[in-house]
>>> print(open('work_8.cif').read())   # mmCIF, C-alpha atoms and all ligand atoms
data_structure
#
loop_
_atom_site.label_atom_id
_atom_site.label_comp_id
_atom_site.auth_asym_id
_atom_site.auth_seq_id
_atom_site.Cartn_x
_atom_site.Cartn_y
_atom_site.Cartn_z
CA MET S 4 -0.41 -2.92 0.65
CA ARG S 5 -2.43 -1.68 -2.28
CA VAL S 6 -1.75 1.61 -3.99
CA LEU S 7 -3.52 3.57 -6.71
CA VAL S 8 -1.37 5.57 -9.13
CA VAL S 9 -3.11 8.37 -11.04
CA GLU S 10 -0.83 9.75 -13.75
CA ASP S 11 -1.54 10.68 -17.37
CA GLU S 12 2.01 10.32 -18.71
CA PRO S 13 2.07 6.63 -19.77
CA ASP S 14 5.84 6.20 -19.36
CA LEU S 15 5.85 7.65 -15.87
CA LEU S 16 2.74 5.68 -14.90
CA ASP S 17 4.42 2.46 -16.08
CA ALA S 18 7.67 3.23 -14.31
CA VAL S 19 6.00 4.08 -11.00
CA ALA S 20 3.61 1.11 -11.12
CA GLN S 21 6.38 -1.31 -12.02
CA SER S 22 8.69 -0.05 -9.31
CA LEU S 23 5.91 -0.34 -6.73
CA ARG S 24 5.07 -3.89 -7.84
CA GLU S 25 8.73 -4.85 -7.59
CA ASN S 26 8.57 -3.63 -4.02
CA GLY S 27 5.65 -5.89 -3.20
CA TYR S 28 2.70 -3.52 -3.57
CA ALA S 29 -0.51 -4.39 -5.35
CA VAL S 30 -0.97 -1.52 -7.80
CA ASP S 31 -4.01 -0.17 -9.63
CA GLU S 32 -3.57 2.44 -12.34
CA ALA S 33 -5.58 5.36 -13.69
CA GLY S 34 -4.60 7.56 -16.64
CA ASP S 35 -7.05 10.39 -15.96
CA GLY S 36 -8.76 12.12 -13.06
CA LYS S 37 -12.27 10.74 -13.46
CA THR S 38 -11.08 7.12 -13.59
CA GLY S 39 -8.82 7.86 -10.65
CA LEU S 40 -11.66 9.24 -8.54
CA PHE S 41 -13.92 6.31 -9.45
CA LYS S 42 -11.28 3.81 -8.28
CA ALA S 43 -10.25 5.87 -5.25
CA GLU S 44 -13.84 6.03 -4.01
CA GLY S 45 -14.51 2.36 -4.67
CA THR S 46 -11.52 0.78 -2.93
CA ASP S 47 -9.81 1.31 0.43
CA TYR S 48 -6.28 1.90 -0.86
CA ASP S 49 -3.38 2.08 1.56
CA ALA S 50 -2.18 5.14 -0.34
CA ILE S 51 -2.72 7.06 -3.58
CA VAL S 52 0.00 8.61 -5.76
CA LEU S 53 -1.70 11.52 -7.50
CA ASP S 54 -0.41 13.69 -10.32
CA LEU S 55 -1.96 17.17 -10.12
CA MET S 56 -1.99 18.06 -13.82
CA LEU S 57 -4.46 15.58 -15.30
CA PRO S 58 -6.82 15.74 -18.29
CA GLY S 59 -10.54 16.00 -17.60
CA MET S 60 -10.53 16.29 -13.84
CA SER S 61 -7.46 17.79 -12.16
CA GLY S 62 -5.69 16.22 -9.20
CA TRP S 63 -6.94 19.02 -6.93
CA ASP S 64 -10.57 18.40 -7.90
CA LEU S 65 -10.11 14.65 -7.49
CA LEU S 66 -8.66 15.20 -4.03
CA LYS S 67 -11.40 17.58 -2.92
CA ALA S 68 -14.09 15.16 -4.10
CA LEU S 69 -12.35 12.18 -2.47
CA ARG S 70 -11.96 13.94 0.88
CA LYS S 71 -15.74 14.13 1.23
CA SER S 72 -15.84 10.38 1.74
CA LYS S 73 -12.32 9.01 2.33
CA ALA S 74 -9.16 9.83 4.30
CA THR S 75 -6.87 7.63 2.17
CA PRO S 76 -3.26 8.94 2.45
CA VAL S 77 -2.40 10.87 -0.73
CA LEU S 78 1.05 11.71 -2.09
CA ILE S 79 0.84 14.38 -4.80
CA LEU S 80 3.25 14.79 -7.71
CA THR S 81 3.90 18.41 -8.63
CA ALA S 82 5.86 20.18 -11.33
CA ARG S 83 9.26 21.54 -10.41
CA ASP S 84 9.21 24.82 -8.49
CA ALA S 85 5.43 24.94 -8.55
CA THR S 86 5.12 26.11 -4.96
CA PRO S 87 1.52 27.40 -5.32
CA ASP S 88 0.53 23.97 -6.69
CA ARG S 89 2.09 22.27 -3.71
CA VAL S 90 0.39 24.57 -1.24
CA ALA S 91 -2.98 24.18 -2.97
CA GLY S 92 -2.53 20.41 -2.99
CA LEU S 93 -1.71 20.25 0.70
CA ASP S 94 -4.65 22.57 1.42
CA ALA S 95 -6.93 20.27 -0.58
CA GLY S 96 -6.01 17.41 1.74
CA ALA S 97 -2.80 15.86 0.38
CA ASP S 98 -0.56 14.23 3.01
CA ASP S 99 2.79 14.65 1.28
CA TYR S 100 4.22 15.77 -2.04
CA LEU S 101 7.06 14.94 -4.38
CA THR S 102 8.43 17.29 -7.04
CA LYS S 103 8.99 16.00 -10.58
CA PRO S 104 11.41 14.69 -11.64
CA PHE S 105 11.92 12.40 -8.65
CA GLU S 106 13.87 9.25 -7.88
CA LEU S 107 11.75 6.12 -7.57
CA VAL S 108 13.56 5.17 -4.36
CA GLU S 109 12.41 8.44 -2.82
CA LEU S 110 8.83 7.75 -3.88
CA GLN S 111 9.10 4.31 -2.21
CA ALA S 112 10.44 5.81 1.00
CA ARG S 113 7.79 8.55 1.14
CA LEU S 114 5.01 6.03 0.53
CA ARG S 115 6.25 3.67 3.23
CA ALA S 116 6.39 6.53 5.73
CA LEU S 117 2.93 7.74 4.70
CA ILE S 118 1.37 4.30 5.07
CA ARG S 119 3.12 3.75 8.41
CA ARG S 120 1.92 7.09 9.77
CA SER S 121 -1.66 6.42 8.69
CA ALA S 122 -1.51 3.09 10.54
CA GLY S 123 -0.28 4.94 13.65
CA GLN S 124 3.09 3.25 13.28
CA ALA S 125 5.97 5.70 13.57
CA GLU S 126 8.78 3.13 13.65
CA ALA S 127 10.04 1.18 10.63
CA LYS S 128 10.37 -1.92 12.86
CA LEU S 129 7.25 -3.83 13.78
CA VAL S 130 7.53 -6.38 16.59
CA VAL S 131 4.92 -9.11 17.11
CA GLY S 132 6.03 -11.70 19.65
CA ASP S 133 9.04 -13.58 18.27
CA VAL S 134 8.66 -11.99 14.87
CA THR S 135 10.17 -8.65 13.85
CA LEU S 136 9.35 -6.93 10.57
CA ASP S 137 11.68 -4.41 8.99
CA THR S 138 9.13 -2.47 6.93
CA ALA S 139 11.80 -0.38 5.19
CA GLN S 140 13.64 -3.44 3.86
CA ARG S 141 10.50 -5.62 3.76
CA LEU S 142 12.24 -8.37 5.73
CA ALA S 143 10.94 -10.67 8.46
CA TYR S 144 12.95 -12.13 11.34
CA LEU S 145 11.99 -14.98 13.64
CA ASN S 146 13.93 -14.83 16.92
CA GLY S 147 16.50 -12.68 15.13
CA ASP S 148 16.94 -15.03 12.17
CA LEU S 149 15.99 -13.84 8.71
CA VAL S 150 13.03 -15.77 7.28
CA SER S 151 12.57 -15.93 3.52
CA LEU S 152 9.05 -14.81 2.60
CA THR S 153 7.65 -14.19 -0.88
CA PRO S 154 6.47 -10.60 -1.52
CA ARG S 155 2.84 -11.72 -1.07
CA GLU S 156 3.60 -13.57 2.15
CA TYR S 157 5.44 -10.55 3.50
CA ALA S 158 2.53 -8.28 2.51
CA LEU S 159 0.09 -10.56 4.33
CA VAL S 160 2.20 -10.64 7.49
CA GLU S 161 2.68 -6.86 7.41
CA LEU S 162 -1.05 -6.24 6.98
CA LEU S 163 -1.93 -8.52 9.91
CA ALA S 164 0.90 -7.11 12.04
CA MET S 165 -0.26 -3.53 11.45
CA HIS S 166 -3.64 -4.63 12.82
CA LYS S 167 -2.29 -6.96 15.50
CA GLY S 168 -4.84 -7.96 18.09
CA LYS S 169 -7.65 -7.19 15.66
CA LEU S 170 -9.57 -9.38 13.27
CA VAL S 171 -8.67 -8.73 9.62
CA SER S 172 -11.48 -9.85 7.35
CA ARG S 173 -10.91 -11.85 4.20
CA THR S 174 -12.44 -8.98 2.22
CA MET S 175 -9.88 -6.61 3.68
CA ILE S 176 -7.04 -8.99 2.84
CA TYR S 177 -8.24 -9.28 -0.75
CA GLU S 178 -8.61 -5.54 -1.03
CA HIS S 179 -5.13 -4.76 0.29
CA LEU S 180 -3.05 -7.60 -1.15
CA PHE S 181 -4.31 -8.03 -4.66
CA ASP S 182 -4.79 -5.51 -7.45
CA GLU S 183 -7.17 -5.56 -10.39
CA SER S 184 -4.59 -7.37 -12.53
CA SER S 185 -3.89 -10.22 -10.08
CA ASP S 186 -4.65 -13.67 -11.44
CA THR S 187 -7.10 -15.81 -9.50
CA LEU S 188 -4.57 -18.48 -8.61
CA SER S 189 -2.42 -16.04 -6.67
CA ASN S 190 -5.55 -14.87 -4.83
CA LEU S 191 -5.80 -17.92 -2.62
CA VAL S 192 -5.36 -16.35 0.79
CA GLU S 193 -5.48 -19.74 2.52
CA VAL S 194 -2.39 -20.87 0.60
CA HIS S 195 -0.40 -17.80 1.64
CA VAL S 196 -1.53 -18.22 5.25
CA ALA S 197 -0.43 -21.89 5.22
CA HIS S 198 3.00 -20.93 3.88
CA VAL S 199 3.44 -18.20 6.48
CA ARG S 200 2.51 -20.62 9.28
CA ARG S 201 5.10 -23.08 8.05
CA LYS S 202 7.75 -20.37 8.13
CA LEU S 203 6.81 -18.35 11.22
CA GLY S 204 5.07 -20.94 13.40
CA LYS S 205 1.66 -22.58 13.18
CA ASP S 206 0.20 -20.39 15.91
CA PHE S 207 1.44 -17.11 14.42
CA ILE S 208 -1.80 -16.52 12.51
CA THR S 209 -5.16 -17.44 14.05
CA THR S 210 -8.10 -18.31 11.79
CA ARG S 211 -11.57 -17.10 12.69
CA ARG S 212 -13.62 -19.43 10.56
CA GLY S 213 -15.81 -17.56 8.08
CA GLU S 214 -14.57 -14.19 9.32
CA GLY S 215 -10.89 -13.76 8.70
CA TYR S 216 -7.49 -13.89 10.37
CA MET S 217 -5.62 -12.22 13.17
CA ILE S 218 -2.28 -12.10 14.94
CA HIS S 219 -2.51 -12.08 18.72
CA VAL S 220 -0.31 -9.59 20.50
CA CA M 301 0.29 15.17 -15.76
#
>>> encode(input="work_8.cif", output="structure tokens", more="lines below")
Ligand code: CA
Amino acid sequence: MRVLVVEDEPDLLDAVAQSLRENGYAVDEAGDGKTGLFKAEGTDYDAIVLDLMLPGMSGWDLLKALRKSKATPVLILTARDATPDRVAGLDAGADDYLTKPFELVELQARLRALIRRSAGQAEAKLVVGDVTLDTAQRLAYLNGDLVSLTPREYALVELLAMHKGKLVSRTMIYEHLFDESSDTLSNLVEVHVAHVRRKLGKDFITTRRGEGYMIHV
């Protein structure tokens, strides 16, 4: 899952981005509204964390502009007790909000729920054949036994599982698993797929040569 964080307070931006990376997300960052909109329009993020009070272009204006072309789930960050801000943000097309200051664990939980809902997945558990994913804990089970996956491997399996029965293109995998700071070595999708097959069964992921990958239901 790849998330964009738009926040002009450097310490908060760092803290949020780091906490998301530790939880297995690919994270892009923007320190102002214009950069945020440019990135948000150029990439299909799984979700955007958007501060409302930004220099240059405000979060509301960013959101209004983005909604003309994209339905990316957006979680807004609002100042404490700023009810009118919250209402205006939701009216402008935000999907959820969090009031500053907030706990990072709550941000994680809200984001997971937001991404699940946008994928039409209400439950935290995702079952694909013999494999069960606990999306809240980011754990995978094969026939009930916990399987140790790296964060990237888990992210790959979750992405394919959320689109089970459908072809997921290599472009889509790159866009959702890796952020702008990922090194090229970690970007070898084939390597991650090979590792997942070794752990969850060689037939778990099907390759469509030249097109992408899929998990059959
Ligand atoms: Ca701000």
>>> residues_around(input="work_8.cif", residues="stretch 95-111 of chain S", least_positions_apart="3", cutoff="8 Å", atoms="only C-alpha atoms", output="PyMOL selection string")
chain S and resi 19+22-23+63+66-67+70+76-84+89+91-92+114-115+117
>>> atom_distance(input="work_8.cif", atom1="atom CA of S:His195", atom2="atom CA of S:Tyr216")
11.9 Å
>>> atom_distance(input="work_8.cif", atom1="atom CA of S:Val9", atom2="atom CA of S:Gly39")
5.7 Å
>>> residues_near_ligand(input="work_8.cif", ligand="ligand CA 301 (chain M)", cutoff="12 Å", atoms="all atoms listed in the file", output="ChimeraX atom specification")
/S:8-16,33-36,52-62,79-82,103-104
>>> atom_distance(input="work_8.cif", atom1="atom CA of S:Met4", atom2="atom CA of S:Tyr28")
5.3 Å
>>> closest_residue(input="work_8.cif", among="S:Arg5, S:Arg201, S:Lys42, S:Lys71", to="S:Ile118", atoms="all atoms listed in the file")
S:Arg5
>>> closest_residue(input="work_8.cif", among="S:Gly123, S:Gly215, S:Gly168, S:Pro154", to="S:Glu25", atoms="only C-alpha atoms")
S:Pro154
>>> residues_around(input="work_8.cif", residues="S:Met175", least_positions_apart="6", cutoff="12 Å", atoms="all atoms listed in the file", output="tab-separated table (two decimals) with C-alpha atoms, in the frame of the given file")
chain	number	residue	atom	x	y	z
S	4	MET	CA	-0.41	-2.92	0.65
S	5	ARG	CA	-2.43	-1.68	-2.28
S	46	THR	CA	-11.52	0.78	-2.93
S	47	ASP	CA	-9.81	1.31	0.43
S	48	TYR	CA	-6.28	1.90	-0.86
S	49	ASP	CA	-3.38	2.08	1.56
S	159	LEU	CA	0.09	-10.56	4.33
S	162	LEU	CA	-1.05	-6.24	6.98
S	163	LEU	CA	-1.93	-8.52	9.91
S	166	HIS	CA	-3.64	-4.63	12.82
S	181	PHE	CA	-4.31	-8.03	-4.66
S	192	VAL	CA	-5.36	-16.35	0.79
S	214	GLU	CA	-14.57	-14.19	9.32
S	215	GLY	CA	-10.89	-13.76	8.70
S	216	TYR	CA	-7.49	-13.89	10.37
S	217	MET	CA	-5.62	-12.22	13.17
>>> residues_near_point(input="work_8.cif", point="(2.7, -10.1, 5.8)", cutoff="10 Å", atoms="all atoms listed in the file", output="ChimeraX atom specification")
/S:4,136,141-143,152-165,180,195-196,199
>>> residues_around(input="work_8.cif", residues="S:Leu40", least_positions_apart="4", cutoff="8 Å", atoms="only C-alpha atoms", output="list in words")
Gly36, Glu44, Leu65, Ala68 and Leu69 of chain S
>>> residues_near_point(input="work_8.cif", point="(0.4, -8.9, 16.8)", cutoff="6 Å", atoms="only C-alpha atoms", output="list in words")
Val131, Ala164, Lys167, Gly168, Ile218, His219 and Val220 of chain S
>>> write_last_selection(input="work_8.cif", atoms="C-alpha atoms", output="PDB file, keeping the file's coordinate frame")
ATOM      1  CA  VAL S 131       4.920  -9.110  17.110  1.00  0.00           C
ATOM      2  CA  ALA S 164       0.900  -7.110  12.040  1.00  0.00           C
ATOM      3  CA  LYS S 167      -2.290  -6.960  15.500  1.00  0.00           C
ATOM      4  CA  GLY S 168      -4.840  -7.960  18.090  1.00  0.00           C
ATOM      5  CA  ILE S 218      -2.280 -12.100  14.940  1.00  0.00           C
ATOM      6  CA  HIS S 219      -2.510 -12.080  18.720  1.00  0.00           C
ATOM      7  CA  VAL S 220      -0.310  -9.590  20.500  1.00  0.00           C
TER       8      VAL S 220
END
>>> residues_around(input="work_8.cif", residues="S:Leu7", least_positions_apart="5", cutoff="7 Å", atoms="only C-alpha atoms", output="ChimeraX atom specification")
/S:30-32,48,50-52
>>> write_last_selection(input="work_8.cif", atoms="C-alpha atoms", output="mmCIF file, in the frame of the given file")
data_model
loop_
_atom_site.group_PDB
_atom_site.id
_atom_site.type_symbol
_atom_site.label_atom_id
_atom_site.label_comp_id
_atom_site.auth_asym_id
_atom_site.auth_seq_id
_atom_site.Cartn_x
_atom_site.Cartn_y
_atom_site.Cartn_z
ATOM 1 C CA VAL S 30 -0.970 -1.520 -7.800
ATOM 2 C CA ASP S 31 -4.010 -0.170 -9.630
ATOM 3 C CA GLU S 32 -3.570 2.440 -12.340
ATOM 4 C CA TYR S 48 -6.280 1.900 -0.860
ATOM 5 C CA ALA S 50 -2.180 5.140 -0.340
ATOM 6 C CA ILE S 51 -2.720 7.060 -3.580
ATOM 7 C CA VAL S 52 0.000 8.610 -5.760
#
>>> closest_residue(input="work_8.cif", among="S:Gln21, S:Ala116, S:Lys169, S:Leu203", to="S:Gly147", atoms="only C-alpha atoms")
S:Leu203
>>> closest_residue(input="work_8.cif", among="S:Val150, S:Asp64, S:Ser121, S:Glu183", to="S:Thr135", atoms="all atoms listed in the file")
S:Val150
>>> build_atoms(input="work_8.cif", residues="stretch 128-139 of chain S", atoms="all heavy atoms", output="short mmCIF file (atom, residue, chain, number, x, y, z; two decimals), keeping the file's coordinate frame")
data_model
loop_
_atom_site.label_atom_id
_atom_site.label_comp_id
_atom_site.auth_asym_id
_atom_site.auth_seq_id
_atom_site.Cartn_x
_atom_site.Cartn_y
_atom_site.Cartn_z
N LYS S 128 10.36 -0.54 12.36
CA LYS S 128 10.37 -1.92 12.86
C LYS S 128 9.05 -2.24 13.55
O LYS S 128 8.54 -1.45 14.33
CB LYS S 128 11.53 -2.11 13.84
CG LYS S 128 12.85 -2.30 13.15
CD LYS S 128 13.78 -3.18 13.97
CE LYS S 128 14.93 -3.71 13.14
NZ LYS S 128 15.56 -2.72 12.27
N LEU S 129 8.53 -3.41 13.24
CA LEU S 129 7.25 -3.83 13.78
C LEU S 129 7.49 -5.15 14.51
O LEU S 129 7.93 -6.12 13.90
CB LEU S 129 6.30 -4.03 12.59
CG LEU S 129 4.81 -3.89 12.73
CD1 LEU S 129 4.44 -2.58 13.39
CD2 LEU S 129 4.16 -3.94 11.35
N VAL S 130 7.24 -5.17 15.82
CA VAL S 130 7.53 -6.38 16.59
C VAL S 130 6.22 -7.05 17.02
O VAL S 130 5.35 -6.40 17.61
CB VAL S 130 8.37 -6.06 17.85
CG1 VAL S 130 8.67 -7.32 18.64
CG2 VAL S 130 9.66 -5.36 17.44
N VAL S 131 6.09 -8.33 16.68
CA VAL S 131 4.92 -9.11 17.11
C VAL S 131 5.45 -10.41 17.70
O VAL S 131 5.82 -11.33 16.97
CB VAL S 131 3.99 -9.45 15.93
CG1 VAL S 131 2.66 -9.96 16.46
CG2 VAL S 131 3.78 -8.27 15.02
N GLY S 132 5.51 -10.49 19.00
CA GLY S 132 6.03 -11.70 19.65
C GLY S 132 7.46 -11.97 19.22
O GLY S 132 8.33 -11.11 19.34
N ASP S 133 7.70 -13.18 18.69
CA ASP S 133 9.04 -13.58 18.27
C ASP S 133 9.41 -13.05 16.89
O ASP S 133 10.53 -13.24 16.42
CB ASP S 133 9.14 -15.12 18.21
CG ASP S 133 8.88 -15.75 19.57
OD1 ASP S 133 9.09 -15.06 20.58
OD2 ASP S 133 8.44 -16.92 19.60
N VAL S 134 8.45 -12.42 16.25
CA VAL S 134 8.66 -11.99 14.87
C VAL S 134 8.88 -10.47 14.80
O VAL S 134 8.15 -9.70 15.43
CB VAL S 134 7.45 -12.38 13.99
CG1 VAL S 134 7.60 -11.84 12.58
CG2 VAL S 134 7.28 -13.90 13.98
N THR S 135 9.90 -10.07 14.07
CA THR S 135 10.17 -8.65 13.85
C THR S 135 10.13 -8.37 12.36
O THR S 135 10.73 -9.09 11.56
CB THR S 135 11.55 -8.26 14.40
OG1 THR S 135 11.60 -8.56 15.79
CG2 THR S 135 11.82 -6.77 14.20
N LEU S 136 9.40 -7.33 11.98
CA LEU S 136 9.35 -6.93 10.57
C LEU S 136 10.13 -5.64 10.39
O LEU S 136 9.96 -4.69 11.16
CB LEU S 136 7.90 -6.70 10.12
CG LEU S 136 6.93 -7.87 10.24
CD1 LEU S 136 5.57 -7.45 9.70
CD2 LEU S 136 7.45 -9.09 9.50
N ASP S 137 11.00 -5.64 9.38
CA ASP S 137 11.68 -4.41 8.99
C ASP S 137 10.92 -3.89 7.78
O ASP S 137 11.12 -4.36 6.66
CB ASP S 137 13.14 -4.75 8.64
CG ASP S 137 13.91 -3.52 8.19
OD1 ASP S 137 13.27 -2.52 7.81
OD2 ASP S 137 15.15 -3.57 8.20
N THR S 138 10.02 -2.91 8.01
CA THR S 138 9.13 -2.47 6.93
C THR S 138 9.87 -1.67 5.86
O THR S 138 9.37 -1.53 4.75
CB THR S 138 7.94 -1.65 7.47
OG1 THR S 138 8.45 -0.49 8.14
CG2 THR S 138 7.09 -2.46 8.42
N ALA S 139 11.03 -1.12 6.20
CA ALA S 139 11.80 -0.38 5.19
C ALA S 139 12.43 -1.35 4.20
O ALA S 139 12.43 -1.13 3.00
CB ALA S 139 12.87 0.48 5.85
#
